[in-house]
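Q: Structure: start28.txt, compact mmCIF, C-alpha atoms.
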# COMPACT_ATOMS: atom_id res chain seq x y z
CA MET A 611 97.40 122.81 98.84
CA GLU A 612 96.28 119.94 101.06
CA LYS A 613 98.63 116.96 101.46
CA ILE A 614 97.38 113.75 99.93
CA PRO A 615 96.92 110.91 102.49
CA SER A 616 99.96 108.89 101.38
CA PHE A 617 102.22 111.84 102.26
CA THR A 618 100.87 111.89 105.82
CA ILE A 619 102.21 108.41 106.69
CA ASP A 620 105.23 108.54 109.00
CA HIS A 621 107.84 107.19 106.61
CA GLU A 622 110.49 107.36 109.34
CA ARG A 623 108.64 104.61 111.23
CA LEU A 624 107.20 102.68 108.27
CA LEU A 625 108.28 99.03 108.07
CA ARG A 626 108.23 96.64 105.14
CA GLY A 627 104.83 95.04 104.76
CA ILE A 628 101.35 95.18 103.26
CA TYR A 629 99.24 98.23 104.07
CA VAL A 630 95.85 99.57 103.04
CA SER A 631 96.76 102.89 101.47
CA ARG A 632 93.23 103.98 100.60
CA LYS A 633 89.74 102.84 99.68
CA ASP A 634 87.78 104.51 96.91
CA LYS A 635 84.15 104.16 95.97
CA VAL A 636 83.83 103.59 92.22
CA GLY A 637 80.19 103.38 91.28
CA SER A 638 78.67 100.83 93.64
CA GLU A 639 81.99 99.11 94.36
CA VAL A 640 85.02 99.75 96.55
CA VAL A 641 88.56 99.65 95.18
CA THR A 642 91.25 99.03 97.78
CA THR A 643 94.75 100.36 97.12
CA PHE A 644 97.51 98.43 98.86
CA ASP A 645 101.00 99.69 99.65
CA ILE A 646 103.28 96.67 99.14
CA ARG A 647 106.35 98.10 100.90
CA MET A 648 109.49 96.11 100.14
CA LYS A 649 112.02 98.55 101.61
CA GLU A 650 112.08 100.68 104.76
CA PRO A 651 111.91 104.24 103.43
CA ASN A 652 115.02 106.38 103.92
CA ARG A 653 116.73 103.63 105.93
CA GLU A 654 117.82 101.13 103.31
CA PRO A 655 118.70 101.29 99.62
CA VAL A 656 115.73 101.44 97.27
CA LEU A 657 114.93 98.78 94.70
CA HIS A 658 117.17 98.91 91.64
CA GLN A 659 115.26 100.18 88.59
CA GLY A 660 115.84 97.00 86.60
CA ALA A 661 114.70 94.83 89.52
CA ILE A 662 111.51 96.76 90.25
CA HIS A 663 110.67 96.85 86.53
CA THR A 664 111.05 93.08 86.26
CA ILE A 665 109.04 92.58 89.46
CA GLU A 666 106.32 94.74 87.88
CA HIS A 667 106.18 92.60 84.73
CA LEU A 668 106.20 89.29 86.60
CA ALA A 669 103.85 90.24 89.45
CA ALA A 670 101.32 91.94 87.17
CA THR A 671 101.31 88.90 84.87
CA TYR A 672 100.99 86.49 87.79
CA LEU A 673 98.20 88.44 89.50
CA ARG A 674 96.16 88.83 86.32
CA ASN A 675 96.34 85.07 85.83
CA ASP A 676 95.69 83.98 89.43
CA PRO A 677 92.53 81.79 89.32
CA GLU A 678 91.15 83.17 92.58
CA TRP A 679 91.94 86.89 92.18
CA LYS A 680 92.36 87.68 88.45
CA ASP A 681 88.89 89.16 88.00
CA ARG A 682 89.47 91.57 90.89
CA ILE A 683 92.98 92.80 90.05
CA ILE A 684 92.98 96.32 88.64
CA TYR A 685 96.61 97.43 88.77
CA TRP A 686 100.09 96.52 89.98
CA GLY A 687 102.90 99.04 89.59
CA PRO A 688 106.00 100.52 91.21
CA MET A 689 106.04 103.48 93.58
CA GLY A 690 107.95 106.51 92.39
CA CYS A 691 110.21 106.32 95.46
CA GLN A 692 111.20 102.77 94.44
CA THR A 693 110.54 101.31 97.90
CA GLY A 694 107.62 99.15 96.83
CA ASN A 695 104.56 98.73 94.67
CA TYR A 696 100.90 99.66 94.60
CA LEU A 697 98.25 97.00 94.11
CA LEU A 698 94.65 97.99 93.37
CA ILE A 699 91.99 95.35 93.89
CA ARG A 700 88.22 95.51 93.46
CA GLY A 701 86.60 94.95 96.85
CA ASP A 702 86.57 96.32 100.38
CA LEU A 703 89.64 94.50 101.71
CA GLU A 704 92.13 94.61 104.56
CA SER A 705 95.84 93.82 104.54
CA HIS A 706 95.46 90.35 106.06
CA ASP A 707 93.07 89.41 103.22
CA ILE A 708 95.90 89.38 100.67
CA VAL A 709 98.86 88.00 102.65
CA GLU A 710 98.63 84.57 101.03
CA LEU A 711 98.19 86.12 97.58
CA MET A 712 101.34 88.19 98.15
CA ARG A 713 103.24 85.11 99.34
CA ARG A 714 102.30 83.29 96.14
CA THR A 715 103.12 86.31 93.99
CA PHE A 716 106.56 86.91 95.48
CA ARG A 717 107.34 83.19 95.48
CA PHE A 718 106.49 83.15 91.78
CA VAL A 719 108.90 86.03 91.11
CA ALA A 720 111.62 84.57 93.38
CA GLU A 721 111.49 81.23 91.57
CA PHE A 722 110.88 82.50 88.04
CA ASP A 723 113.22 81.10 85.44
CA GLY A 724 112.67 81.95 81.82
CA GLU A 725 111.87 84.84 79.54
CA VAL A 726 110.21 87.69 81.44
CA PRO A 727 106.82 88.43 79.84
CA GLY A 728 106.56 91.67 77.90
CA THR A 729 110.26 92.37 77.47
CA ALA A 730 110.36 92.69 73.68
CA PRO A 731 110.70 96.17 72.14
CA ARG A 732 107.14 96.09 70.81
CA ASP A 733 105.77 95.10 74.27
CA CYS A 734 107.55 97.50 76.63
CA GLY A 735 108.57 101.15 76.57
CA ASN A 736 111.93 100.42 78.21
CA TYR A 737 112.52 96.77 77.35
CA LEU A 738 116.27 96.89 78.11
CA LEU A 739 115.74 97.95 81.74
CA HIS A 740 115.22 94.53 83.33
CA ASP A 741 117.20 92.59 85.92
CA LEU A 742 115.76 89.14 86.63
CA PRO A 743 118.51 88.01 89.06
CA MET A 744 117.96 91.10 91.26
CA ALA A 745 114.17 90.82 90.96
CA ARG A 746 114.42 87.24 92.18
CA TRP A 747 116.79 88.21 95.00
CA GLU A 748 114.63 91.13 96.21
CA SER A 749 111.46 89.04 96.01
CA ARG A 750 113.00 86.16 97.97
CA LYS A 751 114.27 88.61 100.63
CA PHE A 752 110.81 90.20 101.00
CA LEU A 753 109.14 86.79 101.07
CA GLU A 754 111.44 85.27 103.69
CA GLU A 755 112.01 88.31 105.90
CA VAL A 756 108.51 89.81 105.82
CA LEU A 757 105.72 87.80 104.21
CA ASP A 758 106.57 84.40 105.70
CA VAL A 759 106.82 85.88 109.23
CA ILE A 760 104.36 88.77 108.93
CA LYS A 761 103.26 90.55 112.10
CA GLU A 762 100.61 93.15 112.88
CA GLU A 763 103.17 95.98 112.59
CA ASN A 764 103.72 94.91 108.96
CA LEU A 765 99.99 95.17 108.22
CA VAL A 766 98.93 98.48 109.82
CA TYR A 767 100.48 101.89 109.14
CA PRO A 768 102.33 103.38 112.11
CA GLN A 769 100.33 105.99 114.02
Since I need it in another form, could you write the structure as structure tokens?

A:
Amino acid sequence: MEKIPSFTIDHERLLRGIYVSRKDKVGSEVVTTFDIRMKEPNREPVLHQGAIHTIEHLAATYLRNDPEWKDRIIYWGPMGCQTGNYLLIRGDLESHDIVELMRRTFRFVAEFDGEVPGTAPRDCGNYLLHDLPMARWESRKFLEEVLDVIKEENLVYPQ
């Protein structure tokens, strides 16, 4: 079986950042999949399940309500390896196109104070698995250490 493209990225050299994972043609439009990598794979602890679940709820809610981007957002969800998230957006985009959107998103999560949307038993399949303090901490860390000082090596996959 042929390896899928995301398994051909050198995870030993991959940094935290925003990467274009793939672009797919859907009808007459392009859908860009972004790799929002919050942790260096295999070199630092992964995101705690409760934190990444809460980040998912807050980021997805924020993105689908963002006045500029809401009509283009298709999906936000965690990676199975728990080192980041995937973001699918309608349009032929590059990493630098969404840096400011990601800054706003992670600032929203880092500063969020209140009831996390969708955390009632009827709204979520695992409503008890949430950790707002860790979600805030991880989001602030990613914002301050990566997004606010982003460099080219955080925007382009290592070769």

Q: When distances are computed from only C-alpha atoms, which of A:Pro651, A:Pro731, A:Gly660, A:Pro677 shows the smallest separation from Leu624 (chain A)?

A: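 Answer, going by the shortest atom-to-atom distance: A:Pro651.
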
Q: Counting all atoms listed in the file, which residues sit no farther than 9 Å from the position (90.0, 96.7, 95.8) in the file's frame? I'd like them as an MDAnalysis selection string.

A: chainID A and resid 633:634 639:644 682:684 697:703

Q: Between CA of Lys751 (chain A) and CA of Asp645 (chain A), what is the distance, to one decimal in Å?

A: 17.3 Å

Q: Extract, using only C-alpha atoms, all DNA, RNA and protein residues at most 12 Å from Gln692 (chain A), discarding same-chain residues fewer than 3 positions from it, and format them as a ChimeraX atom specification.

A: /A:645-652,654-663,665-666,687-689,695-696

Q: Restricting the calculation to only C-alpha atoms: of A:Gly637, A:Cys691, A:Arg714, A:Leu765, which residue gets closest to Glu678 (chain A)?

A: A:Arg714

Q: Identify which of the residues A:Ser749, A:Phe716, A:Gly694, A:His667 lies closest to Ala730 (chain A), counting all atoms listed in the file when measuring atom-to-atom distances.

A: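 Looking at the shortest contact to Ala730 (chain A), the residue is A:His667.
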
Q: Give me, please, the distance in Å between CA of Ala745 (chain A) and CA of Thr618 (chain A), quoted to one decimal.

A: 29.0 Å

Q: Could you please determine the separation between CA of Ser705 (chain A) and CA of Asp723 (chain A) in Å, to one decimal place?

A: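 Between CA of Ser705 (chain A) and CA of Asp723 (chain A) the gap works out to 28.8 Å.
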
Q: Quick one: residues within 12 Å of Ile614 (chain A), only C-alpha atoms counted, chain neighbours fewer than 4 positions away excluded, as a PyMOL selection string?

A: chain A and resi 618-619+631-632
